[in-house]
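Next comes data-v2.csv, a file with CSV, N, CA and C atoms.
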```csv
chain,number,residue,atom,x,y,z
A,23,MET,N,0.8,-1.2,0.0
A,23,MET,CA,0.0,0.0,0.0
A,23,MET,C,0.9,1.2,0.0
A,24,THR,N,0.6,2.2,-0.8
A,24,THR,CA,1.3,3.4,-0.9
A,24,THR,C,0.4,4.6,-0.5
A,25,VAL,N,0.8,5.3,0.5
A,25,VAL,CA,0.0,6.4,1.0
A,25,VAL,C,0.9,7.7,0.8
A,26,THR,N,0.2,8.8,0.3
A,26,THR,CA,0.9,10.0,0.2
A,26,THR,C,1.3,10.5,1.5
A,27,ASP,N,2.6,10.9,1.7
A,27,ASP,CA,3.1,11.4,2.9
A,27,ASP,C,4.1,12.5,2.6
A,28,PRO,N,4.1,13.6,3.3
A,28,PRO,CA,3.2,13.9,4.4
A,28,PRO,C,1.8,14.4,3.9
A,29,ALA,N,0.8,14.0,4.7
A,29,ALA,CA,-0.6,14.4,4.4
A,29,ALA,C,-0.8,15.8,5.1
A,30,SER,N,-1.8,16.5,4.6
A,30,SER,CA,-2.1,17.8,5.2
A,30,SER,C,-2.7,17.6,6.6
A,31,SER,N,-3.3,16.5,6.9
A,31,SER,CA,-3.9,16.2,8.2
A,31,SER,C,-3.9,14.7,8.4
A,32,ALA,N,-4.1,14.4,9.7
A,32,ALA,CA,-4.3,12.9,10.0
A,32,ALA,C,-5.4,12.3,9.3
A,33,GLY,N,-6.5,13.0,9.2
A,33,GLY,CA,-7.7,12.5,8.5
A,33,GLY,C,-7.5,12.3,7.0
A,34,ALA,N,-6.7,13.2,6.4
A,34,ALA,CA,-6.4,13.0,4.9
A,34,ALA,C,-5.5,11.8,4.8
A,35,TYR,N,-4.5,11.6,5.7
A,35,TYR,CA,-3.7,10.4,5.7
A,35,TYR,C,-4.5,9.2,5.7
A,36,LEU,N,-5.5,9.2,6.6
A,36,LEU,CA,-6.4,8.0,6.8
A,36,LEU,C,-7.2,7.8,5.5
A,37,LEU,N,-7.8,8.8,5.0
A,37,LEU,CA,-8.5,8.6,3.7
A,37,LEU,C,-7.7,8.1,2.6
A,38,ASN,N,-6.5,8.6,2.5
A,38,ASN,CA,-5.5,8.1,1.4
A,38,ASN,C,-5.2,6.7,1.6
A,39,ALA,N,-5.0,6.3,2.9
A,39,ALA,CA,-4.7,4.9,3.2
A,39,ALA,C,-5.9,3.9,2.9
A,40,LEU,N,-7.1,4.4,3.2
A,40,LEU,CA,-8.3,3.5,2.9
A,40,LEU,C,-8.5,3.4,1.4
A,41,HIS,N,-8.3,4.5,0.7
A,41,HIS,CA,-8.5,4.4,-0.7
A,41,HIS,C,-7.4,3.5,-1.4
A,42,ALA,N,-6.2,3.6,-0.9
A,42,ALA,CA,-5.1,2.8,-1.4
A,42,ALA,C,-5.4,1.3,-1.1
A,43,ALA,N,-6.1,1.0,0.0
A,43,ALA,CA,-6.5,-0.4,0.3
A,43,ALA,C,-7.7,-0.9,-0.5
A,44,GLY,N,-8.2,0.0,-1.3
A,44,GLY,CA,-9.3,-0.4,-2.2
A,44,GLY,C,-10.7,-0.1,-1.8
A,45,TRP,N,-10.9,0.7,-0.7
A,45,TRP,CA,-12.2,1.0,-0.2
A,45,TRP,C,-12.6,2.4,-0.6
A,46,THR,N,-13.9,2.6,-0.7
A,46,THR,CA,-14.5,3.9,-0.9
A,46,THR,C,-14.8,4.4,0.5
A,47,ALA,N,-14.2,5.4,1.0
A,47,ALA,CA,-14.4,6.0,2.3
A,47,ALA,C,-14.6,7.5,2.1
A,48,VAL,N,-15.5,8.0,2.9
A,48,VAL,CA,-15.8,9.5,2.9
A,48,VAL,C,-15.7,10.1,4.2
A,49,GLU,N,-15.4,11.4,4.2
A,49,GLU,CA,-15.4,12.1,5.5
A,49,GLU,C,-16.8,12.5,5.8
A,50,ASP,N,-17.3,12.4,7.0
A,50,ASP,CA,-18.6,12.7,7.4
A,50,ASP,C,-18.6,13.3,8.8
A,51,GLY,N,-19.8,13.6,9.3
A,51,GLY,CA,-19.8,14.0,10.7
A,51,GLY,C,-21.0,15.0,10.9
A,52,ASP,N,-20.9,15.6,12.0
A,52,ASP,CA,-21.9,16.6,12.4
A,52,ASP,C,-21.2,17.7,13.3
A,53,ARG,N,-22.0,18.5,13.9
A,53,ARG,CA,-21.4,19.6,14.8
A,53,ARG,C,-20.5,19.0,15.9
A,54,ALA,N,-20.9,17.8,16.4
A,54,ALA,CA,-20.2,17.3,17.5
A,54,ALA,C,-19.0,16.5,17.2
A,55,SER,N,-18.9,15.9,16.0
A,55,SER,CA,-17.8,15.0,15.7
A,55,SER,C,-17.6,14.9,14.2
A,56,ASP,N,-16.3,14.6,13.8
A,56,ASP,CA,-16.0,14.3,12.4
A,56,ASP,C,-15.5,12.9,12.4
A,57,TYR,N,-15.8,12.2,11.3
A,57,TYR,CA,-15.3,10.8,11.2
A,57,TYR,C,-15.3,10.4,9.8
A,58,VAL,N,-14.6,9.3,9.5
A,58,VAL,CA,-14.5,8.7,8.2
A,58,VAL,C,-15.5,7.5,8.2
A,59,GLU,N,-16.3,7.4,7.2
A,59,GLU,CA,-17.3,6.4,7.1
A,59,GLU,C,-16.9,5.5,5.9
A,60,LEU,N,-17.1,4.2,6.1
A,60,LEU,CA,-16.8,3.2,5.1
A,60,LEU,C,-18.0,2.2,5.1
A,61,SER,N,-18.6,2.1,4.0
A,61,SER,CA,-19.8,1.1,3.9
A,61,SER,C,-19.2,-0.2,3.4
A,62,PHE,N,-19.9,-1.3,3.8
A,62,PHE,CA,-19.5,-2.6,3.4
A,62,PHE,C,-20.7,-3.6,3.3
A,63,GLY,N,-20.5,-4.6,2.6
A,63,GLY,CA,-21.6,-5.7,2.5
A,63,GLY,C,-22.8,-5.2,1.8
A,64,THR,N,-23.8,-6.2,1.8
A,64,THR,CA,-25.0,-5.9,1.1
A,64,THR,C,-26.1,-5.5,2.1
A,65,GLY,N,-25.8,-5.6,3.4
A,65,GLY,CA,-26.9,-5.2,4.4
A,65,GLY,C,-26.7,-3.9,5.0
A,66,GLY,N,-25.9,-3.0,4.3
A,66,GLY,CA,-25.8,-1.6,4.8
A,66,GLY,C,-24.8,-1.4,5.9
A,67,GLY,N,-23.9,-2.4,6.1
A,67,GLY,CA,-22.9,-2.3,7.1
A,67,GLY,C,-22.1,-1.0,7.0
A,68,VAL,N,-21.7,-0.4,8.1
A,68,VAL,CA,-20.9,0.8,8.2
A,68,VAL,C,-19.9,0.8,9.2
A,69,ILE,N,-18.7,1.2,8.9
A,69,ILE,CA,-17.6,1.4,9.8
A,69,ILE,C,-17.3,2.9,9.9
A,70,GLN,N,-17.2,3.4,11.2
A,70,GLN,CA,-16.8,4.7,11.4
A,70,GLN,C,-15.5,4.8,12.1
A,71,VAL,N,-14.6,5.7,11.7
A,71,VAL,CA,-13.3,5.9,12.3
A,71,VAL,C,-13.2,7.3,12.6
A,72,THR,N,-12.7,7.6,13.9
A,72,THR,CA,-12.4,8.9,14.3
A,72,THR,C,-11.1,8.9,15.2
A,73,ALA,N,-10.7,10.0,15.6
A,73,ALA,CA,-9.5,10.1,16.4
A,73,ALA,C,-9.8,9.9,17.9
A,74,SER,N,-8.8,9.5,18.6
A,74,SER,CA,-8.9,9.5,20.1
A,74,SER,C,-7.9,10.4,20.7
A,75,GLY,N,-7.9,10.6,22.0
A,75,GLY,CA,-6.9,11.5,22.6
A,75,GLY,C,-7.3,12.9,22.6
A,76,ALA,N,-6.4,13.8,22.5
A,76,ALA,CA,-6.6,15.2,22.5
A,76,ALA,C,-7.5,15.7,21.3
A,77,HIS,N,-7.4,15.0,20.2
A,77,HIS,CA,-8.2,15.3,19.0
A,77,HIS,C,-9.4,14.4,18.9
A,78,GLU,N,-10.0,13.9,20.0
A,78,GLU,CA,-11.1,13.0,19.9
A,78,GLU,C,-12.2,13.6,19.0
A,79,SER,N,-12.7,12.7,18.2
A,79,SER,CA,-13.8,13.1,17.3
A,79,SER,C,-13.4,14.2,16.2
A,80,GLU,N,-12.2,14.2,15.9
A,80,GLU,CA,-11.7,15.2,14.9
A,80,GLU,C,-10.9,14.4,13.8
A,81,LEU,N,-10.7,15.1,12.7
A,81,LEU,CA,-9.9,14.5,11.6
A,81,LEU,C,-8.9,15.5,11.1
A,82,ALA,N,-9.2,16.8,11.2
A,82,ALA,CA,-8.4,17.9,10.6
A,82,ALA,C,-7.4,18.4,11.6
A,83,TYR,N,-6.4,17.6,12.0
A,83,TYR,CA,-5.4,18.0,12.9
A,83,TYR,C,-4.0,17.5,12.3
A,84,PRO,N,-3.0,18.2,12.8
A,84,PRO,CA,-1.6,17.8,12.2
A,84,PRO,C,-1.3,16.4,12.5
A,85,PRO,N,-0.7,15.7,11.5
A,85,PRO,CA,-0.3,14.3,11.7
A,85,PRO,C,0.6,14.1,12.9
A,86,ALA,N,1.4,15.0,13.2
A,86,ALA,CA,2.4,14.9,14.4
A,86,ALA,C,1.6,14.8,15.7
A,87,GLU,N,0.4,15.3,15.7
A,87,GLU,CA,-0.4,15.3,17.0
A,87,GLU,C,-1.3,14.1,17.1
A,88,HIS,N,-1.1,13.1,16.3
A,88,HIS,CA,-2.0,11.9,16.3
A,88,HIS,C,-1.8,11.1,17.6
A,89,ALA,N,-2.9,10.7,18.2
A,89,ALA,CA,-2.8,9.9,19.4
A,89,ALA,C,-3.4,8.5,19.2
A,90,GLY,N,-4.1,8.3,18.2
A,90,GLY,CA,-4.7,7.0,17.9
A,90,GLY,C,-6.1,7.1,17.2
A,91,TRP,N,-6.4,6.0,16.5
A,91,TRP,CA,-7.7,5.9,15.8
A,91,TRP,C,-8.7,5.2,16.7
A,92,HIS,N,-9.9,5.4,16.6
A,92,HIS,CA,-11.0,4.7,17.3
A,92,HIS,C,-12.0,4.3,16.2
A,93,ALA,N,-12.3,3.0,16.1
A,93,ALA,CA,-13.3,2.5,15.1
A,93,ALA,C,-14.4,1.7,15.6
A,94,VAL,N,-15.6,1.9,15.1
A,94,VAL,CA,-16.7,1.1,15.5
A,94,VAL,C,-17.4,0.6,14.2
A,95,CYS,N,-18.1,-0.5,14.3
A,95,CYS,CA,-18.8,-1.2,13.2
A,95,CYS,C,-20.2,-1.3,13.5
A,96,TYR,N,-21.1,-0.8,12.6
A,96,TYR,CA,-22.5,-1.0,12.7
A,96,TYR,C,-22.8,-2.1,11.6
A,97,PRO,N,-22.9,-3.3,11.9
A,97,PRO,CA,-23.0,-4.4,10.9
A,97,PRO,C,-24.3,-4.3,10.1
A,98,ASP,N,-25.4,-3.8,10.7
A,98,ASP,CA,-26.7,-3.7,10.1
A,98,ASP,C,-27.0,-2.2,9.7
A,99,GLY,N,-26.0,-1.4,9.6
A,99,GLY,CA,-26.2,0.0,9.3
A,99,GLY,C,-26.7,0.8,10.4
A,100,TYR,N,-27.4,1.8,10.2
A,100,TYR,CA,-27.9,2.7,11.2
A,100,TYR,C,-29.4,2.4,11.6
A,101,SER,N,-29.8,1.1,11.4
A,101,SER,CA,-31.2,0.8,11.7
A,101,SER,C,-31.3,0.3,13.1
A,102,GLY,N,-32.5,0.3,13.6
A,102,GLY,CA,-32.7,-0.2,15.0
A,102,GLY,C,-32.1,0.6,16.1
A,103,ASP,N,-31.6,-0.1,17.0
A,103,ASP,CA,-31.0,0.5,18.2
A,103,ASP,C,-29.5,0.8,18.1
A,104,LEU,N,-29.0,0.8,16.9
A,104,LEU,CA,-27.6,1.0,16.6
A,104,LEU,C,-26.6,0.2,17.4
A,105,PRO,N,-26.8,-1.1,17.4
A,105,PRO,CA,-25.7,-1.8,18.1
A,105,PRO,C,-24.4,-1.7,17.4
A,106,ASP,N,-23.4,-1.5,18.1
A,106,ASP,CA,-22.1,-1.4,17.5
A,106,ASP,C,-21.0,-2.3,18.1
A,107,ASP,N,-20.0,-2.5,17.3
A,107,ASP,CA,-18.8,-3.3,17.7
A,107,ASP,C,-17.6,-2.4,17.7
A,108,ALA,N,-17.1,-2.0,18.9
A,108,ALA,CA,-16.0,-1.1,18.9
A,108,ALA,C,-14.7,-2.0,18.8
A,109,PHE,N,-14.4,-2.3,17.5
A,109,PHE,CA,-13.4,-3.3,17.2
A,109,PHE,C,-12.0,-2.7,17.3
A,110,TYR,N,-11.8,-1.4,17.3
A,110,TYR,CA,-10.5,-0.8,17.4
A,110,TYR,C,-10.7,0.4,18.3
A,111,PRO,N,-10.7,0.1,19.7
A,111,PRO,CA,-11.0,1.1,20.6
A,111,PRO,C,-10.0,2.2,20.9
A,112,ALA,N,-8.8,2.0,20.6
A,112,ALA,CA,-7.8,3.1,20.8
A,112,ALA,C,-6.5,2.7,20.2
A,113,GLY,N,-6.0,3.5,19.3
A,113,GLY,CA,-4.8,3.1,18.6
A,113,GLY,C,-3.5,3.6,19.3
A,114,ILE,N,-2.5,3.9,18.5
A,114,ILE,CA,-1.2,4.3,19.0
A,114,ILE,C,-0.8,5.6,18.4
A,115,PRO,N,0.1,6.4,19.0
A,115,PRO,CA,0.5,7.7,18.5
A,115,PRO,C,1.2,7.7,17.1
A,116,ASP,N,1.8,6.7,16.7
A,116,ASP,CA,2.5,6.6,15.4
A,116,ASP,C,1.4,6.5,14.3
A,117,LEU,N,1.2,7.6,13.6
A,117,LEU,CA,0.1,7.6,12.6
A,117,LEU,C,0.2,6.5,11.5
A,118,ALA,N,1.4,6.3,11.0
A,118,ALA,CA,1.6,5.3,9.9
A,118,ALA,C,1.3,3.9,10.4
A,119,GLU,N,1.9,3.6,11.6
A,119,GLU,CA,1.7,2.3,12.1
A,119,GLU,C,0.3,2.1,12.6
A,120,ASP,N,-0.3,3.1,13.2
A,120,ASP,CA,-1.7,3.0,13.7
A,120,ASP,C,-2.6,2.8,12.5
A,121,THR,N,-2.4,3.5,11.5
A,121,THR,CA,-3.3,3.4,10.3
A,121,THR,C,-3.1,2.0,9.7
A,122,ALA,N,-1.9,1.5,9.6
A,122,ALA,CA,-1.7,0.2,9.0
A,122,ALA,C,-2.5,-0.9,9.9
A,123,ARG,N,-2.3,-0.8,11.2
A,123,ARG,CA,-3.0,-1.7,12.1
A,123,ARG,C,-4.5,-1.6,12.0
A,124,LEU,N,-5.0,-0.3,11.9
A,124,LEU,CA,-6.4,-0.1,11.7
A,124,LEU,C,-7.0,-0.8,10.4
A,125,ILE,N,-6.2,-0.7,9.3
A,125,ILE,CA,-6.7,-1.3,8.1
A,125,ILE,C,-6.8,-2.8,8.2
A,126,THR,N,-5.8,-3.4,8.9
A,126,THR,CA,-5.9,-4.8,9.2
A,126,THR,C,-7.1,-5.2,10.1
A,127,ALA,N,-7.4,-4.3,11.0
A,127,ALA,CA,-8.6,-4.5,11.9
A,127,ALA,C,-9.9,-4.3,11.1
A,128,ILE,N,-9.9,-3.4,10.2
A,128,ILE,CA,-11.1,-3.2,9.4
A,128,ILE,C,-11.4,-4.4,8.5
A,129,ARG,N,-10.3,-4.9,7.9
A,129,ARG,CA,-10.5,-6.2,7.1
A,129,ARG,C,-11.1,-7.3,7.9
A,130,ALA,N,-10.6,-7.5,9.1
A,130,ALA,CA,-11.0,-8.5,10.0
A,130,ALA,C,-12.5,-8.3,10.4
A,131,ALA,N,-12.9,-7.0,10.7
A,131,ALA,CA,-14.2,-6.7,11.1
A,131,ALA,C,-15.2,-7.0,9.9
A,132,ILE,N,-14.8,-6.6,8.7
A,132,ILE,CA,-15.7,-6.8,7.6
A,132,ILE,C,-15.8,-8.3,7.3
A,133,THR,N,-14.8,-9.0,7.4
A,133,THR,CA,-14.9,-10.5,7.3
A,133,THR,C,-15.8,-11.1,8.3
A,134,ARG,N,-15.6,-10.7,9.6
A,134,ARG,CA,-16.4,-11.2,10.7
A,134,ARG,C,-17.9,-10.9,10.5
A,135,HIS,N,-18.2,-9.7,10.1
A,135,HIS,CA,-19.6,-9.3,10.0
A,135,HIS,C,-20.2,-9.7,8.6
A,136,ALA,N,-19.4,-10.0,7.6
A,136,ALA,CA,-19.9,-10.4,6.3
A,136,ALA,C,-20.1,-11.9,6.2
A,137,THR,N,-19.5,-12.7,7.1
A,137,THR,CA,-19.6,-14.1,7.1
A,137,THR,C,-20.9,-14.6,7.8
A,138,PRO,N,-21.7,-15.3,7.1
A,138,PRO,CA,-23.0,-15.8,7.8
A,138,PRO,C,-22.7,-16.7,9.0
```
Could you render the structure from this file as structure tokens?
Amino acid sequence: MTVTDPASSAGAYLLNALHAAGWTAVEDGDRASDYVELSFGTGGGVIQVTASGAHESELAYPPAEHAGWHAVCYPDGYSGDLPDDAFYPAGIPDLAEDTARLITAIRAAITRHATP
């Protein structure tokens, strides 16, 4: 996987890495938080990734200030009571290593939730 480095922000680095891994991911959010959203499967599954630490729920911060990613999976999308699987609860400060570990965890989560 090749990711453009240096990225303008940690969120841009994450999006580049997800796209390089072959996924369509988009930046989304609301007034309270920013996150990257990745849809998967045929049942509307969604994975959300945001930052943890000092930049919790942010994406537009300098890569050097990265404290870790936090990722949750909504295997049935946003229907019902929104049960989620916090499969990557807190990453590590090294942006490149944390992002690589996150991508591995995303692959595992998609496989786990896509397998009947």
Given the choices A:Ala43, A:Leu36, A:Val58, A:Ala29, which gets closest to Thr126 (chain A) if the distance is worked out from only C-alpha atoms?
->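 Result for the nearest residue to Thr126 (chain A): A:Ala43.
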Given only C-alpha atoms as the counted atoms, nearest of A:Val71, A:Ile132, A:Leu124, A:Leu117 to Ala86 (chain A) =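 For Ala86 (chain A), the nearest of the candidates is A:Leu117.
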If you measure from CA of His41 (chain A) to CA of Arg123 (chain A), what distance in Å do you get, rounded to one decimal?
->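 These atoms are spaced 15.2 Å apart.
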So which bits of chain A end up alpha helix (DSSP H) when you DSSP the backbone, as a VMD selection string?
-> chain A and resid 32 to 42 117 to 136
Excluding same-chain residues fewer than 5 positions from Ser79 (chain A), what lies within 6 Å of it counting only C-alpha atoms, as a ChimeraX atom specification?
-> /A:55-56,72-73
Distance in Å - atom N of Ala112 (chain A) versus atom C of Ile128 (chain A) |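 Taking atom N of Ala112 (chain A) and atom C of Ile128 (chain A), their separation equals 13.9 Å.
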Two-atom distance - CA of Ser31 (chain A), CA of Glu49 (chain A) (Å) =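 Spanning CA of Ser31 (chain A) to CA of Glu49 (chain A) is a straight-line distance of 12.5 Å.
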Would you please work out which residue, of A:Ala118, A:Ala42, A:Leu60, A:Ala130, is nearest to Gly90 (chain A) when using only C-alpha atoms?
->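 Using only C-alpha atoms, Gly90 (chain A) sits closest to A:Ala118.
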With distances taken over only N, CA and C atoms, which of A:Pro115, A:Gly67, A:Gly75, A:Pro84 is nearest to Pro97 (chain A)?
->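 Closest residue, counting only N, CA and C atoms: A:Gly67.
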Selection as a tab-separated table (two decimals) with N, CA and C atoms, in the frame of the given file: residues within 5 Å of (-17.1, 0.9, 9.8), counting all atoms listed in the file:
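Once written, result-v1.tsv looks like this:
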```
chain	number	residue	atom	x	y	z
A	60	LEU	N	-17.10	4.20	6.10
A	60	LEU	CA	-16.80	3.20	5.10
A	60	LEU	C	-18.00	2.20	5.10
A	68	VAL	N	-21.70	-0.40	8.10
A	68	VAL	CA	-20.90	0.80	8.20
A	68	VAL	C	-19.90	0.80	9.20
A	69	ILE	N	-18.70	1.20	8.90
A	69	ILE	CA	-17.60	1.40	9.80
A	69	ILE	C	-17.30	2.90	9.90
A	70	GLN	N	-17.20	3.40	11.20
A	70	GLN	CA	-16.80	4.70	11.40
A	70	GLN	C	-15.50	4.80	12.10
A	94	VAL	N	-15.60	1.90	15.10
A	94	VAL	CA	-16.70	1.10	15.50
A	94	VAL	C	-17.40	0.60	14.20
A	95	CYS	N	-18.10	-0.50	14.30
A	95	CYS	CA	-18.80	-1.20	13.20
A	95	CYS	C	-20.20	-1.30	13.50
```
Which residues, written as a list in words, have at least one atom at most 8 Å from Ser74 (chain A), with all atoms listed in the file counted and residues fewer than 5 positions away on the same chain left out?
->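 Those residues are Ser79, Glu80, His88, Ala89, Gly90, Trp91, His92, Ala93, Pro111, Ala112 and Gly113 of chain A.
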Counting only C-alpha atoms, find residues at most 8 Å from (-14.8, 2.0, -0.5) (file frame) and give them as a CSV table (one decimal) with N, CA and C atoms, in the coordinates of the input.
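After the write, part03.csv holds the following:
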```csv
chain,number,residue,atom,x,y,z
A,40,LEU,N,-7.1,4.4,3.2
A,40,LEU,CA,-8.3,3.5,2.9
A,40,LEU,C,-8.5,3.4,1.4
A,41,HIS,N,-8.3,4.5,0.7
A,41,HIS,CA,-8.5,4.4,-0.7
A,41,HIS,C,-7.4,3.5,-1.4
A,44,GLY,N,-8.2,0.0,-1.3
A,44,GLY,CA,-9.3,-0.4,-2.2
A,44,GLY,C,-10.7,-0.1,-1.8
A,45,TRP,N,-10.9,0.7,-0.7
A,45,TRP,CA,-12.2,1.0,-0.2
A,45,TRP,C,-12.6,2.4,-0.6
A,46,THR,N,-13.9,2.6,-0.7
A,46,THR,CA,-14.5,3.9,-0.9
A,46,THR,C,-14.8,4.4,0.5
A,47,ALA,N,-14.2,5.4,1.0
A,47,ALA,CA,-14.4,6.0,2.3
A,47,ALA,C,-14.6,7.5,2.1
A,60,LEU,N,-17.1,4.2,6.1
A,60,LEU,CA,-16.8,3.2,5.1
A,60,LEU,C,-18.0,2.2,5.1
A,61,SER,N,-18.6,2.1,4.0
A,61,SER,CA,-19.8,1.1,3.9
A,61,SER,C,-19.2,-0.2,3.4
A,62,PHE,N,-19.9,-1.3,3.8
A,62,PHE,CA,-19.5,-2.6,3.4
A,62,PHE,C,-20.7,-3.6,3.3
```
